[in-house]
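Here is the structure we will look at.
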Amino acid sequence: MTDFPIWFEQNIGPYFKDVSTYFLLPMFLAYGSYTDIQKHKLFRNVSYVFIGLRLLLAILPGLCITWHSGLAFKIYRTNTAHLSAGNLIGSIIGFMIIFIVGLIFNMPVGGDVFFAAAIGFWVGPLGIVFTIGIACILFIIFAIITFIHRRAYSKDALRYRIPFGPFLSIGCILTLIMHMITEASL
């Protein structure tokens, strides 16, 4: 158990070194969550633009960030690109997990698959697995609470659709926070 921070940092840390991750990723997540809650729709074009933005930022030399104890961090300039095959693999994993679960349970997943693919492109393969795992746990807890609450007041408790996008966003933010904590503890 004591090796978890080292393992987490070695496998997920490289995807969180870019400063843009801490500013652009939360804005994308907030917009996706907002549209999913308000309209029950995640627009795939937004996911495409966000993947393109990540590609552009990876090609350009940029700023990197390293977290230290507490909330202290160090920003430094780098000339290396922050893009690897892991970004593409993370995108494919995010897409496939949501797509296969939608097929198995005959659920409409629509823009969720593209939203998960865009998140996977930013956080990498293990980051998207952590993100989806956390999102599923939070979704199940929320669904149980909502079902119990709605069942007490309505006969249509099972027909209520809960958007999954906000849970993916929360899972991604919690994965980002886990990275900051593990990097600062090393």
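In the structure tokens, chains take the letters A, B, ... in the order shown, each chain's residues start at 1, and ligands count up from 1 in the order shown.
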List as a ChimeraX atom specification the protein and nucleic acid residues near range 36-49 of chain A, meaning an atom at most 7 Å away when only C-alpha atoms are counted, but skip any in the same chain fewer than 6 places from it.
/A:111-112,114-115,118,163,165
Output for the residues just chosen: N, CA, C and O atoms as a CSV table (one decimal), in the first residue's frame:
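Written file, part.csv:
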```csv
chain,number,residue,atom,x,y,z
A,111,GLY,N,-23.3,11.5,-26.4
A,111,GLY,CA,-22.1,12.3,-26.3
A,111,GLY,C,-21.2,11.8,-25.2
A,111,GLY,O,-20.0,12.3,-25.1
A,112,ASP,N,-21.7,11.0,-24.3
A,112,ASP,CA,-20.8,10.5,-23.2
A,112,ASP,C,-19.6,9.8,-23.7
A,112,ASP,O,-18.5,9.9,-23.1
A,114,PHE,N,-17.9,10.4,-26.4
A,114,PHE,CA,-16.9,11.3,-27.0
A,114,PHE,C,-16.4,12.2,-25.8
A,114,PHE,O,-15.2,12.6,-25.9
A,115,PHE,N,-17.2,12.5,-24.8
A,115,PHE,CA,-16.7,13.2,-23.7
A,115,PHE,C,-15.7,12.4,-22.9
A,115,PHE,O,-14.6,12.9,-22.6
A,118,ALA,N,-12.5,12.4,-25.0
A,118,ALA,CA,-11.7,13.6,-24.8
A,118,ALA,C,-11.0,13.7,-23.5
A,118,ALA,O,-9.8,14.1,-23.4
A,163,PRO,N,-27.9,12.4,-15.9
A,163,PRO,CA,-26.8,12.6,-16.8
A,163,PRO,C,-25.5,12.1,-16.2
A,163,PRO,O,-25.2,12.3,-15.0
A,165,GLY,N,-22.3,12.8,-17.5
A,165,GLY,CA,-21.2,13.7,-17.8
A,165,GLY,C,-20.7,14.4,-16.5
A,165,GLY,O,-19.5,14.5,-16.3
```
What separates CA of Asn87 in chain A and CA of Ile162 in chain A is a distance of 28.5 Å
* To do: Give me the residues within 12 Å of range 170-178 of chain A as a PyMOL selection string, counting only C-alpha atoms and dropping any in the same chain fewer than 3 places off.
  => chain A and resi 4-6+8-9+12-18+21-23+25-30+32-33+67+70-71+94+115-116+118-124+126-139+164-167+181-185
Shell of 12 Å around Gly102 in chain A, only C-alpha atoms, local chain residues under 5 positions omitted, as a tab-separated table (two decimals) with N, CA and C atoms, in the first residue's frame:
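Wrote selection-v3.tsv, looks like this:
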```
chain	number	residue	atom	x	y	z
A	95	PHE	N	-13.48	5.88	-24.72
A	95	PHE	CA	-14.57	5.67	-25.67
A	95	PHE	C	-15.14	4.27	-25.53
A	96	MET	N	-14.26	3.26	-25.52
A	96	MET	CA	-14.72	1.87	-25.53
A	96	MET	C	-15.42	1.46	-24.24
A	97	ILE	N	-14.93	1.91	-23.10
A	97	ILE	CA	-15.58	1.53	-21.83
A	97	ILE	C	-17.02	2.02	-21.81
A	107	MET	N	-28.31	1.20	-23.10
A	107	MET	CA	-28.51	2.57	-22.63
A	107	MET	C	-28.05	3.54	-23.71
A	108	PRO	N	-28.74	4.68	-23.84
A	108	PRO	CA	-28.26	5.70	-24.77
A	108	PRO	C	-27.06	6.42	-24.17
A	109	VAL	N	-25.92	6.33	-24.82
A	109	VAL	CA	-24.71	6.97	-24.29
A	109	VAL	C	-24.34	8.23	-25.06
A	110	GLY	N	-24.78	8.36	-26.29
A	110	GLY	CA	-24.62	9.58	-27.08
A	110	GLY	C	-23.28	10.26	-26.93
A	111	GLY	N	-23.31	11.47	-26.41
A	111	GLY	CA	-22.10	12.26	-26.29
A	111	GLY	C	-21.18	11.84	-25.17
A	112	ASP	N	-21.66	10.97	-24.26
A	112	ASP	CA	-20.81	10.52	-23.16
A	112	ASP	C	-19.57	9.79	-23.67
A	113	VAL	N	-19.70	9.04	-24.76
A	113	VAL	CA	-18.55	8.31	-25.28
A	113	VAL	C	-17.48	9.28	-25.80
A	164	PHE	N	-24.65	11.42	-17.02
A	164	PHE	CA	-23.40	10.83	-16.54
A	164	PHE	C	-22.21	11.78	-16.68
```
| request: Please identify which residues in range 24-153 of chain A DSSP calls alpha helix (DSSP H) from the backbone, and express them as a VMD selection string. | output: chain A and resid 24 to 39 44 to 59 85 to 104 111 to 153
